[in-house]
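Text of the file model-v2.txt, holding compact mmCIF, C-alpha atoms:
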```
# COMPACT_ATOMS: atom_id res chain seq x y z
CA MET W 1 19.80 -41.12 155.09
CA LYS W 2 17.61 -44.23 155.08
CA PHE W 3 17.91 -44.48 158.87
CA THR W 4 16.78 -40.85 159.28
CA LYS W 5 13.83 -41.44 156.97
CA LYS W 6 12.92 -44.54 158.98
CA ILE W 7 12.98 -42.51 162.19
CA GLN W 8 10.71 -39.88 160.58
CA GLU W 9 8.25 -42.59 159.53
CA MET W 10 8.22 -43.97 163.10
CA SER W 11 8.01 -40.54 164.76
CA VAL W 12 4.25 -40.79 165.34
CA PHE W 13 4.67 -44.12 167.12
CA ILE W 14 7.57 -42.74 169.18
CA GLU W 15 5.56 -39.66 170.19
CA PHE W 16 2.66 -41.90 171.17
CA LEU W 17 4.92 -44.04 173.35
CA VAL W 18 6.40 -40.93 175.04
CA SER W 19 3.00 -39.45 175.83
CA ALA W 20 1.70 -42.83 177.03
CA GLY W 21 4.79 -43.34 179.21
CA LEU W 22 4.38 -39.93 180.82
CA ALA W 23 0.71 -40.61 181.42
CA ILE W 24 1.49 -43.93 183.12
CA PHE W 25 4.19 -42.27 185.21
CA PHE W 26 1.82 -39.58 186.46
CA HIS W 27 -0.93 -42.13 187.09
CA LEU W 28 1.01 -44.90 188.84
CA VAL W 29 3.96 -43.09 190.38
CA LEU W 30 2.67 -39.62 191.15
CA HIS W 31 -0.92 -40.79 191.68
CA ASN W 32 -2.34 -37.92 189.62
CA PRO W 33 -4.95 -39.46 187.26
CA GLN W 34 -6.25 -36.10 186.05
CA ALA W 35 -2.79 -34.94 184.92
CA ALA W 36 -2.15 -38.38 183.39
CA TYR W 37 -5.30 -38.19 181.26
CA SER W 38 -4.50 -34.62 180.23
CA ILE W 39 -0.95 -35.53 179.24
CA PHE W 40 -2.13 -38.57 177.29
CA GLY W 41 -4.82 -36.55 175.44
CA ILE W 42 -2.50 -33.67 174.64
CA GLY W 43 0.16 -36.15 173.51
CA ILE W 44 -2.27 -37.84 171.13
CA LEU W 45 -3.32 -34.47 169.66
CA LEU W 46 0.28 -33.34 169.26
CA SER W 47 1.19 -36.63 167.56
CA LEU W 48 -1.71 -36.21 165.13
CA ALA W 49 -0.84 -32.55 164.46
CA THR W 50 2.84 -33.24 163.82
CA TYR W 51 1.94 -36.20 161.59
CA LEU W 52 -0.37 -34.07 159.45
CA LEU W 53 2.20 -31.25 159.34
CA ARG W 54 4.99 -33.59 158.24
CA ALA W 55 2.73 -35.14 155.60
CA ASP W 56 1.82 -31.70 154.26
CA LEU W 57 5.47 -30.60 154.21
CA ASP W 58 6.45 -33.81 152.44
CA ASN W 59 3.76 -33.33 149.78
CA THR W 60 4.79 -29.70 149.31
CA ARG W 61 8.43 -30.73 148.94
CA HIS W 62 7.55 -33.30 146.27
CA GLU W 63 5.43 -30.75 144.38
CA LEU W 64 8.18 -28.13 144.50
CA VAL W 65 10.77 -30.64 143.32
CA ASP W 66 8.49 -31.70 140.43
CA GLN W 67 7.87 -28.07 139.46
CA TYR W 68 11.56 -27.28 139.67
CA ASN W 69 12.46 -30.26 137.47
CA GLN W 70 9.74 -29.34 135.00
CA ALA W 71 10.82 -25.69 134.87
CA HIS W 72 14.45 -26.67 134.32
CA GLU W 73 13.84 -29.66 132.10
CA ILE W 74 15.21 -27.91 129.02
CA THR W 75 18.19 -26.56 130.97
CA PHE W 76 19.03 -30.04 132.22
CA ALA W 77 18.68 -31.45 128.70
CA LEU W 78 20.98 -28.77 127.24
CA SER W 79 23.57 -29.38 129.94
CA GLN W 80 23.84 -33.00 128.79
CA ILE W 81 24.85 -31.98 125.24
CA CYS W 82 28.64 -32.19 125.04
CA ASP W 83 29.36 -31.63 121.35
CA PRO W 84 29.85 -27.86 120.62
CA GLU W 85 28.13 -28.06 117.23
CA CYS W 86 25.16 -29.87 118.72
CA GLN W 87 25.06 -27.31 121.53
CA LEU W 88 24.94 -24.48 118.97
CA ARG W 89 22.12 -26.19 117.09
CA ALA W 90 20.22 -26.68 120.34
CA GLN W 91 20.56 -22.96 121.17
CA GLU W 92 19.15 -22.07 117.74
CA LEU W 93 16.17 -24.34 118.32
CA LEU W 94 15.68 -22.82 121.75
CA THR W 95 15.69 -19.31 120.29
CA GLY W 96 12.98 -20.29 117.80
CA THR W 97 10.95 -21.88 120.57
CA LYS W 98 11.18 -18.70 122.63
CA ARG W 99 9.80 -16.68 119.71
CA THR W 100 6.92 -19.13 119.36
CA ILE W 101 6.17 -18.96 123.08
CA SER W 102 6.26 -15.16 122.87
CA LEU W 103 3.58 -15.26 120.16
CA LEU W 104 1.45 -17.59 122.24
CA GLN W 105 1.78 -15.26 125.23
CA GLN W 106 0.42 -12.45 123.06
CA GLY W 107 -2.60 -14.55 122.09
CA PHE W 108 -1.41 -15.58 118.61
CA ILE W 109 -1.29 -19.15 117.30
CA PRO W 110 1.54 -19.54 114.74
CA LEU W 111 0.66 -21.62 111.67
CA ASP W 112 2.48 -23.00 108.66
CA GLU W 113 1.04 -22.31 105.19
CA THR W 114 -1.22 -25.35 104.98
CA GLU W 115 -2.48 -24.87 108.54
CA PHE W 116 -3.04 -21.17 107.88
CA TYR W 117 -5.36 -21.64 104.92
CA LEU W 118 -7.05 -24.59 106.61
CA GLU W 119 -7.80 -22.42 109.65
CA GLY W 120 -8.99 -19.67 107.32
CA ALA W 121 -11.37 -22.11 105.63
CA LYS W 122 -12.66 -23.31 109.01
CA CYS W 123 -13.23 -19.75 110.20
CA THR W 124 -15.03 -18.91 106.95
CA ASP W 125 -17.25 -21.99 107.30
CA MET W 126 -18.13 -20.92 110.86
CA ALA W 127 -18.78 -17.28 109.94
CA HIS W 128 -22.41 -16.16 110.16
CA ASN W 129 -22.46 -12.52 109.16
CA ARG W 130 -19.34 -10.87 107.79
CA MET W 131 -15.84 -11.54 106.56
CA LYS W 132 -13.44 -8.66 106.02
CA ALA W 133 -10.19 -9.36 104.21
CA VAL W 134 -7.16 -7.46 102.97
CA ASP W 135 -4.99 -9.33 100.47
CA PRO W 136 -2.10 -8.66 98.12
CA ILE W 137 -2.87 -9.37 94.50
CA THR W 138 -1.39 -12.77 93.68
CA ASN W 139 -1.91 -15.21 90.84
CA GLY W 140 -2.32 -18.09 93.27
CA TRP W 141 -6.04 -17.44 93.73
CA LEU W 142 -6.85 -19.49 90.63
CA THR W 143 -4.05 -22.07 90.63
CA ARG W 144 -2.60 -22.88 94.08
CA GLY W 145 -4.40 -25.70 95.86
CA VAL W 146 -4.47 -24.14 99.33
CA LEU W 147 -5.79 -20.85 97.97
CA VAL W 148 -8.35 -22.54 95.73
CA ASN W 149 -9.69 -24.58 98.65
CA PHE W 150 -9.78 -21.48 100.82
CA TYR W 151 -11.69 -19.63 98.10
CA GLN W 152 -14.19 -22.49 97.90
CA SER W 153 -14.97 -21.91 101.58
CA ASN W 154 -15.62 -18.26 100.66
CA LEU W 155 -18.15 -19.37 98.07
CA ARG W 156 -19.89 -21.61 100.62
CA ALA W 157 -20.11 -18.67 103.01
CA LEU W 158 -21.62 -16.49 100.29
CA ASP W 159 -24.29 -19.14 99.69
CA ARG W 160 -25.18 -18.93 103.41
CA GLY W 161 -25.64 -15.18 103.15
CA VAL W 162 -22.29 -14.12 104.63
CA ILE W 163 -21.12 -10.73 103.33
CA ILE W 164 -17.50 -10.83 102.14
CA THR W 165 -15.54 -7.67 101.48
CA ARG W 166 -12.04 -8.13 100.11
CA VAL W 167 -9.62 -5.25 99.68
CA PHE W 168 -6.83 -6.04 97.23
CA VAL W 169 -3.62 -4.08 97.81
CA MET W 170 -1.65 -3.41 94.62
CA GLY W 171 0.18 -0.82 92.55
CA ARG W 172 -1.72 1.25 89.98
CA GLU W 173 0.21 -0.29 87.11
CA GLU W 174 -1.02 -3.77 88.10
CA MET W 175 -4.64 -2.93 87.31
CA CYS W 176 -4.06 -3.53 83.59
CA ASP W 177 -2.42 -6.93 84.04
CA PRO W 178 -4.61 -9.66 82.42
CA ASP W 179 -4.08 -12.07 85.34
CA VAL W 180 -5.05 -9.40 87.84
CA GLN W 181 -8.13 -8.56 85.80
CA ARG W 182 -9.11 -12.23 85.73
CA ILE W 183 -8.78 -12.60 89.51
CA LEU W 184 -10.78 -9.44 90.19
CA MET W 185 -13.43 -10.40 87.65
CA THR W 186 -13.86 -13.88 89.13
CA GLN W 187 -14.40 -12.59 92.64
CA LEU W 188 -16.70 -9.79 91.54
CA LEU W 189 -18.88 -12.17 89.54
CA ASP W 190 -19.05 -14.44 92.59
CA ASN W 191 -20.69 -11.53 94.50
CA ILE W 192 -17.69 -10.65 96.64
CA ASP W 193 -17.50 -6.95 97.43
CA VAL W 194 -14.13 -6.19 95.84
CA ARG W 195 -12.22 -3.05 96.76
CA ILE W 196 -8.83 -1.91 95.50
CA ALA W 197 -6.29 -0.05 97.63
CA PHE W 198 -3.15 1.30 95.99
CA ARG W 199 0.03 0.97 98.05
CA GLU W 200 1.03 4.56 97.52
CA GLU W 201 -2.31 5.69 98.93
CA LEU W 202 -2.21 3.64 102.12
CA PRO W 203 -2.21 5.93 105.17
CA THR W 204 0.95 6.09 107.24
CA THR W 205 -1.09 5.46 110.38
CA ALA W 206 -2.26 2.15 108.94
CA SER W 207 1.27 0.98 108.21
CA ASN W 208 2.46 2.04 111.65
CA LEU W 209 -0.44 0.31 113.34
CA SER W 210 0.37 -2.98 111.67
CA GLY W 211 4.11 -2.70 112.20
CA ARG W 212 4.75 -2.59 108.45
CA ASP W 213 6.29 -0.07 106.09
CA THR W 214 4.15 1.61 103.44
CA ASN W 215 5.61 -0.54 100.65
CA SER W 216 4.46 -3.79 102.25
CA SER W 217 1.23 -5.55 101.29
CA CYS W 218 -1.18 -6.21 104.11
CA ASP W 219 -2.56 -9.74 104.20
CA PHE W 220 -5.14 -10.54 106.90
CA ALA W 221 -8.80 -11.47 107.38
CA ILE W 222 -11.38 -10.90 110.12
CA TYR W 223 -14.28 -13.28 110.67
CA ASP W 224 -17.46 -11.96 112.35
CA ASP W 225 -15.25 -9.44 114.19
CA HIS W 226 -14.22 -12.25 116.58
CA VAL W 227 -11.30 -14.07 114.94
CA ALA W 228 -8.45 -12.76 112.79
CA THR W 229 -5.73 -14.40 110.70
CA GLU W 230 -2.65 -12.74 109.23
CA VAL W 231 0.19 -13.74 106.94
CA PHE W 232 3.64 -12.85 108.27
CA GLN W 233 5.45 -10.15 106.34
CA GLN W 234 8.72 -12.11 106.36
CA THR W 235 8.93 -15.79 105.60
CA GLY W 236 10.26 -18.12 108.28
CA THR W 237 9.29 -21.20 110.22
CA TYR W 238 5.67 -20.12 110.23
CA PHE W 239 3.56 -18.66 107.43
CA GLY W 240 1.02 -16.76 109.50
CA ARG W 241 -0.90 -16.55 112.75
CA LYS W 242 -4.40 -16.66 114.17
CA THR W 243 -5.89 -14.86 117.15
CA ALA W 244 -9.22 -14.67 118.93
CA LEU W 245 -8.01 -12.34 121.69
CA PRO W 246 -10.38 -9.32 121.64
CA ALA W 247 -7.56 -6.76 122.00
CA ASN W 248 -5.71 -8.24 118.99
CA VAL W 249 -8.87 -8.48 116.88
CA ASP W 250 -9.69 -4.85 117.69
CA ARG W 251 -6.31 -3.78 116.28
CA TYR W 252 -7.03 -5.63 113.04
CA LEU W 253 -10.47 -4.04 112.85
CA ARG W 254 -8.92 -0.60 113.25
CA LEU W 255 -6.34 -1.40 110.57
CA TYR W 256 -9.06 -2.68 108.23
CA GLU W 257 -11.10 0.49 108.66
CA LEU W 258 -8.09 2.65 107.77
CA ILE W 259 -7.30 0.61 104.65
CA GLU W 260 -10.94 0.34 103.55
CA HIS W 261 -11.29 4.12 103.87
CA SER W 262 -8.47 4.51 101.32
CA ALA W 263 -9.81 1.80 98.98
CA HIS W 264 -11.75 2.16 95.74
CA THR W 265 -14.84 0.17 94.80
CA ALA W 266 -14.28 -2.09 91.78
CA ILE W 267 -16.94 -2.49 89.09
CA VAL W 268 -17.27 -4.22 85.71
CA GLU W 269 -17.33 -2.01 82.63
CA ASP W 270 -17.10 -3.47 79.10
CA SER W 271 -15.69 -6.76 80.42
CA GLN W 272 -12.99 -4.88 82.30
CA ILE W 273 -12.52 -4.12 85.97
CA ILE W 274 -12.34 -0.41 86.64
CA LEU W 275 -12.70 1.82 89.64
CA ALA W 276 -16.15 3.20 90.42
CA SER W 277 -14.58 6.63 90.85
CA GLU W 278 -13.29 6.50 87.25
CA LYS W 279 -16.80 5.63 86.02
CA VAL W 280 -18.14 8.71 87.77
CA LYS W 281 -15.46 10.89 86.13
CA GLN W 282 -16.30 9.49 82.68
CA THR W 283 -20.01 10.16 83.21
CA ALA W 284 -19.30 13.70 84.38
```
Take the structure I supplied and represent it as structure tokens, if you would.
Amino acid sequence: MKFTKKIQEMSVFIEFLVSAGLAIFFHLVLHNPQAAYSIFGIGILLSLATYLLRADLDNTRHELVDQYNQAHEITFALSQICDPECQLRAQELLTGTKRTISLLQQGFIPLDETEFYLEGAKCTDMAHNRMKAVDPITNGWLTRGVLVNFYQSNLRALDRGVIITRVFVMGREEMCDPDVQRILMTQLLDNIDVRIAFREELPTTASNLSGRDTNSSCDFAIYDDHVATEVFQQTGTYFGRKTALPANVDRYLRLYELIEHSAHTAIVEDSQIILASEKVKQTA
């Protein structure tokens, strides 16, 4: 193997000697200087061409080998695991990695809970015009650190003139809950446009579009119609995802429009949060 490689490295020199020998033979023995010069010139050109071709083939071979090793790096690593239990664990990790890669291929960045709300705060701080959000009603708005910090970014955006519309998804019976009233009151008094959508009133088309059933609470936000974040319906390795891919953001915008169309405007009446539609009925 080493001898063959040595011959390949010396091939240019060998080709040069052959062409030079032929040229000398034609010049001194056959007394044909013109043919000798032609043979020598063509030999030099052929030596250069074959050298460049071999160099290019060698570089291509190295690149292909590197790409092959890189593409099969995980396969090679798995093949070196001998213990059956370790092999099973490795397959489970590989399955999770495939799901993550699938999300990335679709233009979604998976995030754990802390990363999710941090990204939401960053997107809110970068928003210039509008933030549209759909959230389930949860007590964490006033107590959980990640939600409190995220809400503080909402307040900063409001101070910059950003319009925030938040649609809370809940059941009708939850409207009378004191904690729910406190959350709604806080956000309304902070000049957030609060809407309320009841689960039983959500359109079937909206649930189908989001891949959810009608009993599930939607939980996503859209920033300046350019970036969207969403909480996963089912808990797992990741809490939610973020996307800036226009096609994905357009789907969230469509979903938001469907939910907002079914939502009610919330107003304050006698220190209570009620629906604007109920106020109109009382007046009538």
Q: Measuring atom to atom with only C-alpha atoms, identify which of W:Gln34, W:Thr243, W:Ser277, W:Thr138 is nearest to Val227 in chain W.
A: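 Among the listed residues, the smallest separation from Val227 in chain W belongs to W:Thr243.
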Please build the interface table for range 93-197 of chain W against range 258-276 of chain W with a cut-off of 9 Å, listing for each qualifying residue the nearest atom pair and the distance in Å to one decimal; count all atoms listed in the file, order rows by chain and increasing number, and write it as a tab-separated table.
```
residue	atom	partner	partner_atom	distance
W:Val134	CA	W:Ile259	CA	8.2
W:Val167	CA	W:Glu260	CA	6.9
W:Phe168	CA	W:Ala263	CA	8.6
W:Val169	CA	W:Ala263	CA	8.6
W:Met175	CA	W:Ile273	CA	8.1
W:Cys176	CA	W:Ile273	CA	8.8
W:Gln181	CA	W:Ile273	CA	6.2
W:Arg182	CA	W:Ile273	CA	8.8
W:Leu184	CA	W:Ile273	CA	7.0
W:Met185	CA	W:Ile273	CA	6.6
W:Leu188	CA	W:Ile267	CA	7.7
W:Leu189	CA	W:Val268	CA	9.0
W:Asp193	CA	W:Thr265	CA	8.0
W:Val194	CA	W:Ala266	CA	5.8
W:Arg195	CA	W:Thr265	CA	4.6
W:Ile196	CA	W:His264	CA	5.0
W:Ala197	CA	W:Ala263	CA	4.2
```
Can you build me a table of range 64-164 of chain W residues sitting at most 10 Å from range 54-60 of chain W, with the closest atom pair per residue and its distance in Å to one decimal, using all atoms listed in the file, sorted by chain and residue number, as JSON lines?
```
{"residue": "W:Leu64", "atom": "CA", "partner": "W:Thr60", "partner_atom": "CA", "distance": 6.1}
{"residue": "W:Val65", "atom": "CA", "partner": "W:Thr60", "partner_atom": "CA", "distance": 8.5}
{"residue": "W:Asp66", "atom": "CA", "partner": "W:Thr60", "partner_atom": "CA", "distance": 9.8}
```
Q: Determine the nearest neighbour of Thr229 in chain W from the options W:Cys123, W:Leu103, W:Cys82, W:Leu93, counting only C-alpha atoms.
A: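 With only C-alpha atoms as the atom set, the closest residue is W:Cys123.
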Give me the box for range 52-63 of chain W as JSON, namely the centre and edge lengths in Å to one decimal of a box along x, y and z that holds every listed atom plus 4 Å on each side.
```
{"center_x": 4.0, "center_y": -32.4, "center_z": 151.9, "size_x": 16.8, "size_y": 13.4, "size_z": 23.1}
```
Q) Distance CA of Glu257 in chain W-CA of Glu230 in chain W, one decimal place? A)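 Those two atoms sit 15.7 Å apart.
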**Q.** Contact residues around Ala121 in chain W with all atoms listed in the file at 9 Å, ignoring same-chain residues under 2 positions, as a VMD selection string
**A.** chain W and resid 116 to 119 123 to 126 149 to 154
**Q.** Distance criterion (all atoms listed in the file): nearest to Thr97 in chain W out of W:Pro136, W:His62, W:Thr237, W:Leu255
**A.** W:Thr237
Q: Just give me the gap between CA of Gln67 in chain W and CA of Ile101 in chain W in Å, one decimal is fine.
A: 18.8 Å
